[in-house]
Amino acid sequence: MKIFLFGGTGFIGSSFADHLAERGHLPVQIARNRPTQSRHQFLEWDGRTLGPWAEELVTADAIVNLAGRSVDCIKTPDNIDVILRSRVDSCRVIGEALARLETKPPVWVQMSTGHIYGDSELLLTEDDHFGHGLAPFVGRAWEKSLLDHLPNGMREVRLRTSFVVGKGGGALASLSQIVKLGLGGTVGNGRQGMSWIHEDDMNELMLRSITDETMEGAYIATAPNPVTNKEFMGLLRRALKVPIGLPAPAFAVRIGAKLLFRTDPDLALYGRYLRSRRLAEEGFEFKFPQLREALADLCD
C-alpha cells in the first residue's frame, strides 16, 4: 500500500513510516521540512494550503493525518492559536484536496488526543463525556474539522492518543534525562494519571486502522493499564537503573517548567486514566500491556 502521512516527519510519523516500510508498504511523508536521515518519499507541505502534493493523492491507498503543533510549549496566546489552527486547518486542506479526486482513498486515519477527556482521577473510556478546558476544546475542534471535511463514502478512524513512549524521541527522552540527573521523583502529588502506549503498539494500531474495514469512528489509543505519576517515575528509574529521584513539588514544577524547559507545567501536574473499551471488545492485542515491560524494552 501507498500511505500518505501528513505531518509524518515527527516522532510518531517517522516511527510509523519505518514500521510501514519494514512490512513492505510505501510511506510518503508530507511535512514542512524534509527529514535529514529519512529514506522514505517526501512531499513538502506548509500545513495550511494546497500544493503539488494534492495531485499525488490519486495514488494513495490511505491517508494518515498526524499534523499539529506540539503542545509541549508555554501556552501563550500565540502558541494556543497555532496549536488550534494547525490541527483544524490541516483537516480542512486535506479535505479540500480529496474533494477534487474522482476516486478517493478508502480510509482517513486521524490523530486526535486523549486530552479531550480532560483531567480526571476516574478511569474513562470512549463512553465518557469530554472534559473542560483548553485541551478538550482543541480536541473537539480537531475532530469536528475532520468530520466536516471528510468526503462522503470515506471511512474515518480517530485515534485519541495518550502518551506514546518510544526510543525515537518524544517526551520519554526528556524524562529519561531528568531521571539520570537524579531528579526523577514524584511530580506534584503523584496521583495524576499517566495513560501511555508503546510505539510498537501505536504503529500496529494505526496499521490496523488502515487495513481493518470494521474499524470506524473514535478509539482511545492507549495501553489498557494506566498508572499514577508516582508509579511511572518509579518504574522509569528502575528501567534506567537509577536508585533515587528527588521529588518535584508543584510550586517547583510551575517555576522550572517555564524557566528551564520552556513548557506548560500542567502537562506534568495533571493527567487522566484512560482505557479503550472498543479495542478490548474488538480483540486488539497489545504487545506491551504493562508499563514495566514497555520501559524495559525501551531502556535496554
# chains A, B, ... in the order shown; residues from 1 in each chain; ligands from 1
call {"tool": "residues_around", "arguments": {"residues": "Thr103 of chain A", "least_positions_apart": "5", "cutoff": "10 Å", "atoms": "only C-alpha atoms", "output": "JSON, numbers by chain"}}
result
{"A": [57, 58, 59, 60, 98]}
call {"tool": "write_last_selection", "arguments": {"atoms": "N, CA, C and O atoms", "output": "PDB file, in the first residue's frame"}}
result
ATOM      1  N   LEU A  57      -2.329  12.604  -4.472  1.00  0.00           N
ATOM      2  CA  LEU A  57      -3.263  11.844  -3.648  1.00  0.00           C
ATOM      3  C   LEU A  57      -4.023  10.782  -4.430  1.00  0.00           C
ATOM      4  O   LEU A  57      -4.529   9.825  -3.837  1.00  0.00           O
ATOM      5  N   VAL A  58      -4.109  10.954  -5.727  1.00  0.00           N
ATOM      6  CA  VAL A  58      -4.815   9.965  -6.542  1.00  0.00           C
ATOM      7  C   VAL A  58      -4.162   8.588  -6.434  1.00  0.00           C
ATOM      8  O   VAL A  58      -4.803   7.556  -6.694  1.00  0.00           O
ATOM      9  N   THR A  59      -2.892   8.542  -6.027  1.00  0.00           N
ATOM     10  CA  THR A  59      -2.172   7.266  -5.920  1.00  0.00           C
ATOM     11  C   THR A  59      -2.242   6.667  -4.521  1.00  0.00           C
ATOM     12  O   THR A  59      -1.692   5.589  -4.287  1.00  0.00           O
ATOM     13  N   ALA A  60      -2.909   7.343  -3.581  1.00  0.00           N
ATOM     14  CA  ALA A  60      -2.904   6.915  -2.177  1.00  0.00           C
ATOM     15  C   ALA A  60      -3.881   5.772  -1.938  1.00  0.00           C
ATOM     16  O   ALA A  60      -5.013   5.784  -2.438  1.00  0.00           O
ATOM     17  N   LEU A  98      -8.952  16.119  -1.208  1.00  0.00           N
ATOM     18  CA  LEU A  98      -9.676  14.882  -1.507  1.00  0.00           C
ATOM     19  C   LEU A  98     -10.936  15.146  -2.318  1.00  0.00           C
ATOM     20  O   LEU A  98     -11.328  14.334  -3.164  1.00  0.00           O
TER      21      LEU A  98
END
call {"tool": "select_by_dssp", "arguments": {"residues": "segment 124-296 of chain A", "states": "helix (DSSP H, G or I)", "output": "number ranges by chain"}}
result
A: 134-149, 171-180, 199-211, 229-240, 250-259, 266-269, 277-281, 291-296
call {"tool": "closest_atom_pairs", "arguments": {"of": "segment 89-191 of chain A", "to": "segment 282-294 of chain A", "cutoff": "12 Å", "atoms": "only C-alpha atoms", "output": "JSON lines"}}
result
{"residue": "A:Phe163", "atom": "CA", "partner": "A:Leu291", "partner_atom": "CA", "distance": 11.7}
{"residue": "A:Val164", "atom": "CA", "partner": "A:Ala294", "partner_atom": "CA", "distance": 10.8}
{"residue": "A:Val165", "atom": "CA", "partner": "A:Ala294", "partner_atom": "CA", "distance": 8.2}
{"residue": "A:Gly166", "atom": "CA", "partner": "A:Ala294", "partner_atom": "CA", "distance": 8.9}
{"residue": "A:Lys167", "atom": "CA", "partner": "A:Ala294", "partner_atom": "CA", "distance": 10.9}
{"residue": "A:Leu172", "atom": "CA", "partner": "A:Ala294", "partner_atom": "CA", "distance": 11.7}
call {"tool": "write_last_selection", "arguments": {"atoms": "all heavy atoms", "output": "compact mmCIF listing (two decimals), in the first residue's frame"}}
result
# COMPACT_ATOMS: atom_id res chain seq x y z
N PHE A 163 0.02 9.19 25.89
CA PHE A 163 1.47 9.43 25.90
C PHE A 163 2.15 8.26 25.19
O PHE A 163 2.15 7.14 25.70
CB PHE A 163 1.91 9.58 27.36
CG PHE A 163 3.39 9.68 27.59
CD1 PHE A 163 4.25 10.21 26.63
CD2 PHE A 163 3.93 9.27 28.80
CE1 PHE A 163 5.60 10.31 26.86
CE2 PHE A 163 5.29 9.37 29.06
CZ PHE A 163 6.12 9.89 28.08
N VAL A 164 2.75 8.52 24.02
CA VAL A 164 3.44 7.49 23.27
C VAL A 164 4.89 7.40 23.76
O VAL A 164 5.63 8.38 23.68
CB VAL A 164 3.41 7.77 21.75
CG1 VAL A 164 4.12 6.65 20.99
CG2 VAL A 164 1.97 7.91 21.26
N VAL A 165 5.26 6.24 24.29
CA VAL A 165 6.64 6.05 24.77
C VAL A 165 7.41 5.27 23.71
O VAL A 165 6.97 4.25 23.22
CB VAL A 165 6.67 5.32 26.12
CG1 VAL A 165 6.09 6.19 27.21
CG2 VAL A 165 5.93 3.98 26.08
N GLY A 166 8.58 5.81 23.33
CA GLY A 166 9.37 5.17 22.29
C GLY A 166 10.82 5.60 22.35
O GLY A 166 11.18 6.54 23.07
N LYS A 167 11.64 4.93 21.57
CA LYS A 167 13.08 5.21 21.55
C LYS A 167 13.43 6.40 20.68
O LYS A 167 14.46 7.04 20.88
CB LYS A 167 13.84 3.98 21.05
CG LYS A 167 13.83 2.79 21.98
CD LYS A 167 14.67 1.65 21.44
CE LYS A 167 14.71 0.48 22.39
NZ LYS A 167 15.54 -0.64 21.88
N LEU A 172 9.53 10.80 26.41
CA LEU A 172 10.29 9.83 27.20
C LEU A 172 11.78 10.16 27.20
O LEU A 172 12.46 9.95 28.20
CB LEU A 172 10.06 8.41 26.66
CG LEU A 172 10.72 7.30 27.48
CD1 LEU A 172 10.16 7.26 28.90
CD2 LEU A 172 10.54 5.95 26.79
call {"tool": "atom_distance", "arguments": {"atom1": "atom CA of His115 of chain A", "atom2": "atom CA of Gly133 of chain A"}}
result
9.6 Å
call {"tool": "residues_around", "arguments": {"residues": "segment 38-46 of chain A", "least_positions_apart": "5", "cutoff": "7 Å", "atoms": "only C-alpha atoms", "output": "PyMOL selection string"}}
result
chain A and resi 27-33+51+53
call {"tool": "select_by_dssp", "arguments": {"residues": "segment 49-286 of chain A", "states": "strand (DSSP E)", "output": "ChimeraX atom specification"}}
result
/A:62-65,107-113,123-124,155-161,163-165,193-194,196-198,217-221,227-228,273-274
call {"tool": "write_last_selection", "arguments": {"atoms": "N, CA and C atoms", "output": "short mmCIF file (atom, residue, chain, number, x, y, z; two decimals), in the first residue's frame"}}
result
data_model
loop_
_atom_site.label_atom_id
_atom_site.label_comp_id
_atom_site.auth_asym_id
_atom_site.auth_seq_id
_atom_site.Cartn_x
_atom_site.Cartn_y
_atom_site.Cartn_z
N ALA A 62 -4.33 5.05 1.39
CA ALA A 62 -4.83 5.51 2.68
C ALA A 62 -4.11 6.79 3.03
N ILE A 63 -4.76 7.61 3.87
CA ILE A 63 -4.08 8.80 4.40
C ILE A 63 -4.15 8.76 5.93
N VAL A 64 -3.08 9.23 6.53
CA VAL A 64 -2.98 9.34 7.98
C VAL A 64 -2.57 10.77 8.28
N ASN A 65 -3.38 11.48 9.07
CA ASN A 65 -3.07 12.87 9.38
C ASN A 65 -2.59 12.99 10.81
N VAL A 107 -9.80 5.20 3.19
CA VAL A 107 -9.78 5.45 4.63
C VAL A 107 -8.91 6.65 4.98
N TRP A 108 -9.36 7.39 5.97
CA TRP A 108 -8.64 8.53 6.55
C TRP A 108 -8.46 8.22 8.04
N VAL A 109 -7.23 8.02 8.46
CA VAL A 109 -6.92 7.82 9.88
C VAL A 109 -6.44 9.15 10.44
N GLN A 110 -7.09 9.60 11.51
CA GLN A 110 -6.84 10.93 12.05
C GLN A 110 -6.32 10.86 13.48
N MET A 111 -5.17 11.47 13.72
CA MET A 111 -4.68 11.62 15.08
C MET A 111 -5.62 12.54 15.85
N SER A 112 -5.94 12.15 17.07
CA SER A 112 -6.66 13.02 18.00
C SER A 112 -5.95 12.91 19.34
N THR A 113 -6.60 13.33 20.41
CA THR A 113 -5.90 13.38 21.69
C THR A 113 -6.74 12.82 22.82
N LEU A 123 -11.33 6.43 35.95
CA LEU A 123 -10.95 5.64 34.77
C LEU A 123 -12.01 5.86 33.69
N LEU A 124 -11.58 6.40 32.54
CA LEU A 124 -12.52 6.81 31.50
C LEU A 124 -12.34 5.95 30.25
N ARG A 155 -14.16 5.99 4.89
CA ARG A 155 -14.14 5.52 6.28
C ARG A 155 -13.15 6.38 7.06
N GLU A 156 -13.52 6.72 8.30
CA GLU A 156 -12.62 7.50 9.14
C GLU A 156 -12.40 6.81 10.47
N VAL A 157 -11.16 6.91 10.97
CA VAL A 157 -10.80 6.38 12.28
C VAL A 157 -10.08 7.48 13.03
N ARG A 158 -10.60 7.84 14.20
CA ARG A 158 -9.97 8.85 15.05
C ARG A 158 -9.30 8.16 16.23
N LEU A 159 -8.01 8.41 16.40
CA LEU A 159 -7.24 7.78 17.47
C LEU A 159 -6.93 8.82 18.55
N ARG A 160 -7.66 8.73 19.65
CA ARG A 160 -7.48 9.65 20.78
C ARG A 160 -6.28 9.17 21.58
N THR A 161 -5.14 9.71 21.23
CA THR A 161 -3.86 9.12 21.62
C THR A 161 -3.39 9.63 22.97
N PHE A 163 0.02 9.19 25.89
CA PHE A 163 1.47 9.43 25.90
C PHE A 163 2.15 8.26 25.19
N VAL A 164 2.75 8.52 24.02
CA VAL A 164 3.44 7.49 23.27
C VAL A 164 4.89 7.40 23.76
N VAL A 165 5.26 6.24 24.29
CA VAL A 165 6.64 6.05 24.77
C VAL A 165 7.41 5.27 23.71
N GLY A 193 -2.99 10.77 36.65
CA GLY A 193 -2.96 9.60 35.79
C GLY A 193 -2.01 9.76 34.61
N MET A 194 -1.32 8.69 34.28
CA MET A 194 -0.47 8.66 33.09
C MET A 194 -0.92 7.49 32.22
N TRP A 196 -0.59 5.68 28.68
CA TRP A 196 0.59 5.57 27.83
C TRP A 196 0.38 4.45 26.82
N ILE A 197 1.21 4.43 25.78
CA ILE A 197 1.20 3.35 24.80
C ILE A 197 2.60 3.23 24.19
N HIS A 198 3.09 2.01 24.08
CA HIS A 198 4.39 1.76 23.46
C HIS A 198 4.30 2.06 21.98
N GLY A 217 -14.72 5.39 13.36
CA GLY A 217 -15.06 6.26 14.47
C GLY A 217 -13.91 6.44 15.44
N ALA A 218 -14.26 6.79 16.68
CA ALA A 218 -13.25 7.19 17.67
C ALA A 218 -12.83 6.04 18.57
N TYR A 219 -11.52 5.93 18.77
CA TYR A 219 -10.92 4.95 19.68
C TYR A 219 -9.94 5.67 20.59
N ILE A 220 -9.90 5.25 21.87
CA ILE A 220 -8.82 5.69 22.74
C ILE A 220 -7.60 4.84 22.43
N ALA A 221 -6.50 5.48 22.07
CA ALA A 221 -5.26 4.78 21.71
C ALA A 221 -4.34 4.78 22.91
N VAL A 227 -1.21 4.23 34.82
CA VAL A 227 -0.57 4.24 36.14
C VAL A 227 -0.58 5.66 36.69
N THR A 228 -0.28 5.78 37.97
CA THR A 228 -0.09 7.11 38.56
C THR A 228 1.27 7.66 38.14
N TYR A 273 -6.74 8.91 33.47
CA TYR A 273 -6.70 7.46 33.39
C TYR A 273 -7.64 7.01 32.29
N LEU A 274 -7.07 6.47 31.22
CA LEU A 274 -7.87 6.09 30.05
C LEU A 274 -7.71 4.60 29.76
#
call {"tool": "closest_residue", "arguments": {"among": "A:Ile210, A:Asp128, A:Lys258, A:Phe137", "to": "Phe4 of chain A", "atoms": "only C-alpha atoms"}}
result
A:Ile210
call {"tool": "residues_around", "arguments": {"residues": "Pro265 of chain A", "least_positions_apart": "2", "cutoff": "12 Å", "atoms": "only C-alpha atoms", "output": "VMD selection string"}}
result
chain A and resid 71 to 75 187 to 188 248 to 263 267 to 271
call {"tool": "atom_distance", "arguments": {"atom1": "atom CA of Gly10 of chain A", "atom2": "atom CA of Ala97 of chain A"}}
result
22.3 Å
